[in-house]
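Participant: Contents of coords-v4.tsv (TSV, C-alpha atoms):
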```
chain	number	residue	atom	x	y	z
A	1	MET	CA	121.02	140.00	-101.00
A	2	THR	CA	119.68	137.03	-99.06
A	3	THR	CA	116.84	135.12	-100.60
A	4	MET	CA	113.68	134.69	-98.61
A	5	LYS	CA	112.48	131.21	-97.73
A	6	THR	CA	108.84	130.52	-98.45
A	7	LEU	CA	106.54	127.79	-97.21
A	8	ARG	CA	106.68	126.24	-100.67
A	9	GLN	CA	110.44	125.60	-100.28
A	10	ALA	CA	110.09	123.91	-96.89
A	11	ALA	CA	110.60	120.17	-96.51
A	12	VAL	CA	108.23	117.64	-94.98
A	13	GLY	CA	108.72	117.55	-91.21
A	14	ASP	CA	109.92	121.16	-90.92
A	15	THR	CA	108.38	123.40	-88.27
A	16	LEU	CA	108.76	127.03	-89.24
A	17	ARG	CA	107.63	130.42	-87.99
A	18	VAL	CA	105.76	132.75	-90.33
A	19	ARG	CA	107.81	135.88	-90.85
A	20	ARG	CA	105.72	137.81	-93.35
A	21	LEU	CA	102.80	137.45	-95.73
A	22	HIS	CA	103.19	138.69	-99.26
A	23	GLY	CA	100.40	139.35	-101.70
A	24	GLU	CA	97.57	141.76	-101.23
A	25	GLY	CA	93.85	142.17	-100.99
A	26	ALA	CA	91.54	139.18	-100.94
A	27	VAL	CA	94.31	136.58	-101.29
A	28	LYS	CA	96.24	137.87	-98.28
A	29	ARG	CA	93.01	138.18	-96.27
A	30	ARG	CA	92.07	134.56	-97.11
A	31	ILE	CA	95.45	133.29	-95.92
A	32	MET	CA	95.11	135.27	-92.69
A	33	ASP	CA	91.55	133.98	-92.19
A	34	MET	CA	92.97	130.45	-92.30
A	35	GLY	CA	95.05	131.29	-89.23
A	36	ILE	CA	98.35	131.95	-90.95
A	37	THR	CA	99.58	135.20	-89.46
A	38	ARG	CA	102.98	136.62	-88.59
A	39	GLY	CA	104.68	134.76	-85.76
A	40	VAL	CA	102.58	131.57	-85.89
A	41	GLU	CA	104.32	128.18	-86.15
A	42	VAL	CA	103.56	125.99	-89.15
A	43	HIS	CA	104.48	122.30	-89.37
A	44	ILE	CA	104.80	120.73	-92.85
A	45	ARG	CA	102.96	117.38	-92.75
A	46	LYS	CA	102.84	116.24	-96.39
A	47	VAL	CA	103.47	117.41	-99.90
A	48	ALA	CA	101.50	115.90	-102.77
A	49	PRO	CA	103.53	114.02	-105.43
A	50	PHE	CA	103.63	117.00	-107.81
A	51	GLY	CA	104.03	119.52	-104.98
A	52	ASP	CA	100.45	120.78	-105.00
A	53	PRO	CA	98.89	120.98	-102.44
A	54	VAL	CA	101.04	121.22	-99.32
A	55	GLU	CA	99.44	119.92	-96.12
A	56	VAL	CA	100.39	121.84	-92.98
A	57	ASN	CA	99.42	121.88	-89.33
A	58	VAL	CA	98.74	125.36	-88.00
A	59	ARG	CA	97.12	126.37	-84.69
A	60	GLY	CA	96.17	122.74	-84.00
A	61	TYR	CA	94.40	121.95	-87.26
A	62	GLU	CA	95.36	120.59	-90.67
A	63	LEU	CA	95.24	122.80	-93.69
A	64	SER	CA	95.99	122.23	-97.38
A	65	LEU	CA	97.55	125.10	-99.30
A	66	ARG	CA	98.08	125.57	-103.01
A	67	LYS	CA	101.65	126.11	-104.17
A	68	SER	CA	100.76	129.64	-105.22
A	69	ASP	CA	99.50	130.43	-101.71
A	70	ALA	CA	102.47	128.73	-100.01
A	71	GLU	CA	104.80	130.88	-102.12
A	72	MET	CA	103.36	134.04	-100.54
A	73	ILE	CA	104.19	132.93	-96.99
A	74	GLU	CA	107.71	133.91	-95.93
A	75	VAL	CA	109.08	131.74	-93.12
A	76	GLU	CA	112.17	131.52	-90.93
```
Give the structure from the file, written as structure tokens.
Facilitator:
Amino acid sequence: MTTMKTLRQAAVGDTLRVRRLHGEGAVKRRIMDMGITRGVEVHIRKVAPFGDPVEVNVRGYELSLRKSDAEMIEVE
């Protein structure tokens, strides 16, 4: 079984494509409302010293995500 790579595991400077969103209900809807949907490219700009939050660039704007949210975003 291959392990999935999540946004949380990505390194600073990586540009990745969203493959799938995990989670359900309001949490998944909130992530999608922020512009993170399947197929969109996400660039990792910064990671805070303790890993929370992660700052990304998506659809031309900067966004900070909690580790728990970044863990739900499967990338390739």
Participant: What is the distance between CA of Met4 (chain A) and CA of Glu76 (chain A), in Å to one decimal?
Facilitator: 8.4 Å
Participant: So, with all atoms listed in the file as the atoms that count, which of A:Arg17, A:Lys5, A:Lys67, A:Arg30 lies closest to Asp52 (chain A)?
Facilitator: A:Lys67
Participant: What is the CA of Gln9 (chain A) to CA of Asp69 (chain A) distance in Å?
Facilitator: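 Separating CA of Gln9 (chain A) from CA of Asp69 (chain A) is a distance of 12.0 Å.
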Participant: Show me the residues close to (104.0, 119.4, -89.4) - anything with an atom within 12 Å, counting all atoms listed in the file - and format the list as a list of chain:residue names.
Facilitator: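 Returned residue set, sorted by chain then number, is A:Leu7, A:Ala10, A:Ala11, A:Val12, A:Gly13, A:Asp14, A:Thr15, A:Leu16, A:Arg17, A:Glu41, A:Val42, A:His43, A:Ile44, A:Arg45, A:Lys46, A:Val47, A:Val54, A:Glu55, A:Val56, A:Asn57, A:Val58, A:Arg59, A:Gly60, A:Tyr61, A:Glu62, A:Leu63, A:Ser64.
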Participant: From the options A:Glu24, A:Arg8, A:Gly39, A:Asp33, which residue's atoms come nearest to Ala70 (chain A), counting all atoms listed in the file?
Facilitator: A:Arg8
Participant: Please write all heavy atoms of region 9-25 of chain A, from the structure given just now, as a PDB file, in the first residue's frame.
Facilitator:
```pdb
ATOM      1  N   GLN A   9       2.906  17.339   4.991  1.00  0.00           N
ATOM      2  CA  GLN A   9       4.214  16.702   4.791  1.00  0.00           C
ATOM      3  C   GLN A   9       5.067  17.431   3.762  1.00  0.00           C
ATOM      4  O   GLN A   9       6.236  17.125   3.626  1.00  0.00           O
ATOM      5  CB  GLN A   9       4.020  15.251   4.345  1.00  0.00           C
ATOM      6  CG  GLN A   9       3.292  14.412   5.365  1.00  0.00           C
ATOM      7  CD  GLN A   9       2.740  13.142   4.760  1.00  0.00           C
ATOM      8  OE1 GLN A   9       2.281  13.131   3.617  1.00  0.00           O
ATOM      9  NE2 GLN A   9       2.782  12.064   5.526  1.00  0.00           N
ATOM     10  N   ALA A  10       4.504  18.376   3.058  1.00  0.00           N
ATOM     11  CA  ALA A  10       5.231  19.079   1.997  1.00  0.00           C
ATOM     12  C   ALA A  10       6.290  20.011   2.580  1.00  0.00           C
ATOM     13  O   ALA A  10       6.152  20.505   3.695  1.00  0.00           O
ATOM     14  CB  ALA A  10       4.253  19.868   1.146  1.00  0.00           C
ATOM     15  N   ALA A  11       7.327  20.254   1.799  1.00  0.00           N
ATOM     16  CA  ALA A  11       8.417  21.124   2.227  1.00  0.00           C
ATOM     17  C   ALA A  11       8.232  22.530   1.667  1.00  0.00           C
ATOM     18  O   ALA A  11       7.551  22.726   0.656  1.00  0.00           O
ATOM     19  CB  ALA A  11       9.738  20.546   1.745  1.00  0.00           C
ATOM     20  N   VAL A  12       8.853  23.491   2.329  1.00  0.00           N
ATOM     21  CA  VAL A  12       8.810  24.878   1.865  1.00  0.00           C
ATOM     22  C   VAL A  12       9.384  24.943   0.452  1.00  0.00           C
ATOM     23  O   VAL A  12      10.409  24.343   0.152  1.00  0.00           O
ATOM     24  CB  VAL A  12       9.612  25.788   2.816  1.00  0.00           C
ATOM     25  CG1 VAL A  12       9.712  27.200   2.262  1.00  0.00           C
ATOM     26  CG2 VAL A  12       8.973  25.806   4.194  1.00  0.00           C
ATOM     27  N   GLY A  13       8.684  25.638  -0.432  1.00  0.00           N
ATOM     28  CA  GLY A  13       9.127  25.777  -1.813  1.00  0.00           C
ATOM     29  C   GLY A  13       8.468  24.793  -2.766  1.00  0.00           C
ATOM     30  O   GLY A  13       8.542  24.966  -3.976  1.00  0.00           O
ATOM     31  N   ASP A  14       7.813  23.767  -2.240  1.00  0.00           N
ATOM     32  CA  ASP A  14       7.128  22.787  -3.089  1.00  0.00           C
ATOM     33  C   ASP A  14       5.893  23.411  -3.735  1.00  0.00           C
ATOM     34  O   ASP A  14       5.192  24.211  -3.122  1.00  0.00           O
ATOM     35  CB  ASP A  14       6.653  21.578  -2.275  1.00  0.00           C
ATOM     36  CG  ASP A  14       7.771  20.634  -1.882  1.00  0.00           C
ATOM     37  OD1 ASP A  14       8.915  20.849  -2.329  1.00  0.00           O
ATOM     38  OD2 ASP A  14       7.494  19.687  -1.119  1.00  0.00           O
ATOM     39  N   THR A  15       5.640  23.032  -4.980  1.00  0.00           N
ATOM     40  CA  THR A  15       4.384  23.371  -5.640  1.00  0.00           C
ATOM     41  C   THR A  15       3.719  22.045  -5.968  1.00  0.00           C
ATOM     42  O   THR A  15       4.291  21.216  -6.671  1.00  0.00           O
ATOM     43  CB  THR A  15       4.623  24.200  -6.918  1.00  0.00           C
ATOM     44  OG1 THR A  15       5.262  25.423  -6.551  1.00  0.00           O
ATOM     45  CG2 THR A  15       3.306  24.521  -7.607  1.00  0.00           C
ATOM     46  N   LEU A  16       2.545  21.845  -5.427  1.00  0.00           N
ATOM     47  CA  LEU A  16       1.856  20.565  -5.527  1.00  0.00           C
ATOM     48  C   LEU A  16       0.454  20.754  -6.075  1.00  0.00           C
ATOM     49  O   LEU A  16      -0.110  21.841  -5.997  1.00  0.00           O
ATOM     50  CB  LEU A  16       1.779  19.928  -4.134  1.00  0.00           C
ATOM     51  CG  LEU A  16       3.123  19.806  -3.431  1.00  0.00           C
ATOM     52  CD1 LEU A  16       2.944  19.873  -1.943  1.00  0.00           C
ATOM     53  CD2 LEU A  16       3.808  18.529  -3.828  1.00  0.00           C
ATOM     54  N   ARG A  17      -0.111  19.681  -6.573  1.00  0.00           N
ATOM     55  CA  ARG A  17      -1.483  19.705  -7.078  1.00  0.00           C
ATOM     56  C   ARG A  17      -2.360  18.927  -6.102  1.00  0.00           C
ATOM     57  O   ARG A  17      -2.013  17.833  -5.675  1.00  0.00           O
ATOM     58  CB  ARG A  17      -1.544  19.064  -8.463  1.00  0.00           C
ATOM     59  CG  ARG A  17      -2.900  19.199  -9.120  1.00  0.00           C
ATOM     60  CD  ARG A  17      -2.874  18.783 -10.571  1.00  0.00           C
ATOM     61  NE  ARG A  17      -1.946  19.541 -11.381  1.00  0.00           N
ATOM     62  CZ  ARG A  17      -2.198  20.744 -11.917  1.00  0.00           C
ATOM     63  NH1 ARG A  17      -3.360  21.312 -11.716  1.00  0.00           N
ATOM     64  NH2 ARG A  17      -1.304  21.348 -12.660  1.00  0.00           N
ATOM     65  N   VAL A  18      -3.498  19.521  -5.755  1.00  0.00           N
ATOM     66  CA  VAL A  18      -4.429  18.873  -4.833  1.00  0.00           C
ATOM     67  C   VAL A  18      -5.051  17.682  -5.543  1.00  0.00           C
ATOM     68  O   VAL A  18      -5.574  17.799  -6.649  1.00  0.00           O
ATOM     69  CB  VAL A  18      -5.525  19.853  -4.355  1.00  0.00           C
ATOM     70  CG1 VAL A  18      -6.558  19.127  -3.501  1.00  0.00           C
ATOM     71  CG2 VAL A  18      -4.899  21.003  -3.590  1.00  0.00           C
ATOM     72  N   ARG A  19      -4.974  16.542  -4.897  1.00  0.00           N
ATOM     73  CA  ARG A  19      -5.506  15.310  -5.469  1.00  0.00           C
ATOM     74  C   ARG A  19      -6.886  14.988  -4.902  1.00  0.00           C
ATOM     75  O   ARG A  19      -7.781  14.558  -5.612  1.00  0.00           O
ATOM     76  CB  ARG A  19      -4.532  14.182  -5.162  1.00  0.00           C
ATOM     77  CG  ARG A  19      -4.814  12.926  -5.883  1.00  0.00           C
ATOM     78  CD  ARG A  19      -3.615  12.028  -5.800  1.00  0.00           C
ATOM     79  NE  ARG A  19      -4.048  10.680  -6.101  1.00  0.00           N
ATOM     80  CZ  ARG A  19      -3.395   9.609  -5.742  1.00  0.00           C
ATOM     81  NH1 ARG A  19      -2.282   9.705  -5.092  1.00  0.00           N
ATOM     82  NH2 ARG A  19      -3.859   8.433  -6.053  1.00  0.00           N
ATOM     83  N   ARG A  20      -7.030  15.203  -3.589  1.00  0.00           N
ATOM     84  CA  ARG A  20      -8.286  14.841  -2.940  1.00  0.00           C
ATOM     85  C   ARG A  20      -8.393  15.543  -1.593  1.00  0.00           C
ATOM     86  O   ARG A  20      -7.392  15.787  -0.944  1.00  0.00           O
ATOM     87  CB  ARG A  20      -8.290  13.330  -2.724  1.00  0.00           C
ATOM     88  CG  ARG A  20      -9.561  12.800  -2.162  1.00  0.00           C
ATOM     89  CD  ARG A  20      -9.582  11.294  -2.177  1.00  0.00           C
ATOM     90  NE  ARG A  20     -10.803  10.863  -1.520  1.00  0.00           N
ATOM     91  CZ  ARG A  20     -10.906   9.777  -0.785  1.00  0.00           C
ATOM     92  NH1 ARG A  20      -9.872   8.986  -0.634  1.00  0.00           N
ATOM     93  NH2 ARG A  20     -12.038   9.467  -0.219  1.00  0.00           N
ATOM     94  N   LEU A  21      -9.605  15.849  -1.201  1.00  0.00           N
ATOM     95  CA  LEU A  21      -9.849  16.410   0.124  1.00  0.00           C
ATOM     96  C   LEU A  21     -10.478  15.342   0.994  1.00  0.00           C
ATOM     97  O   LEU A  21     -11.448  14.702   0.598  1.00  0.00           O
ATOM     98  CB  LEU A  21     -10.797  17.609   0.042  1.00  0.00           C
ATOM     99  CG  LEU A  21     -10.276  18.837  -0.682  1.00  0.00           C
ATOM    100  CD1 LEU A  21     -11.380  19.883  -0.774  1.00  0.00           C
ATOM    101  CD2 LEU A  21      -9.067  19.410  -0.005  1.00  0.00           C
ATOM    102  N   HIS A  22      -9.922  15.171   2.175  1.00  0.00           N
ATOM    103  CA  HIS A  22     -10.487  14.236   3.137  1.00  0.00           C
ATOM    104  C   HIS A  22     -11.303  15.039   4.144  1.00  0.00           C
ATOM    105  O   HIS A  22     -11.368  16.245   4.068  1.00  0.00           O
ATOM    106  CB  HIS A  22      -9.370  13.440   3.814  1.00  0.00           C
ATOM    107  CG  HIS A  22      -8.625  12.571   2.854  1.00  0.00           C
ATOM    108  ND1 HIS A  22      -9.056  11.332   2.470  1.00  0.00           N
ATOM    109  CD2 HIS A  22      -7.486  12.798   2.152  1.00  0.00           C
ATOM    110  CE1 HIS A  22      -8.205  10.814   1.585  1.00  0.00           C
ATOM    111  NE2 HIS A  22      -7.239  11.694   1.382  1.00  0.00           N
ATOM    112  N   GLY A  23     -11.892  14.369   5.080  1.00  0.00           N
ATOM    113  CA  GLY A  23     -12.743  15.076   6.034  1.00  0.00           C
ATOM    114  C   GLY A  23     -14.155  15.134   5.485  1.00  0.00           C
ATOM    115  O   GLY A  23     -14.438  14.675   4.385  1.00  0.00           O
ATOM    116  N   GLU A  24     -15.034  15.719   6.280  1.00  0.00           N
ATOM    117  CA  GLU A  24     -16.419  15.790   5.834  1.00  0.00           C
ATOM    118  C   GLU A  24     -17.128  16.973   6.456  1.00  0.00           C
ATOM    119  O   GLU A  24     -16.619  17.595   7.383  1.00  0.00           O
ATOM    120  CB  GLU A  24     -17.157  14.499   6.168  1.00  0.00           C
ATOM    121  CG  GLU A  24     -17.073  14.098   7.616  1.00  0.00           C
ATOM    122  CD  GLU A  24     -17.612  12.702   7.862  1.00  0.00           C
ATOM    123  OE1 GLU A  24     -17.246  11.773   7.137  1.00  0.00           O
ATOM    124  OE2 GLU A  24     -18.406  12.575   8.796  1.00  0.00           O
ATOM    125  N   GLY A  25     -18.273  17.266   5.921  1.00  0.00           N
ATOM    126  CA  GLY A  25     -19.128  18.303   6.477  1.00  0.00           C
ATOM    127  C   GLY A  25     -18.535  19.692   6.433  1.00  0.00           C
ATOM    128  O   GLY A  25     -17.914  20.096   5.442  1.00  0.00           O
TER     129      GLY A  25
END
```
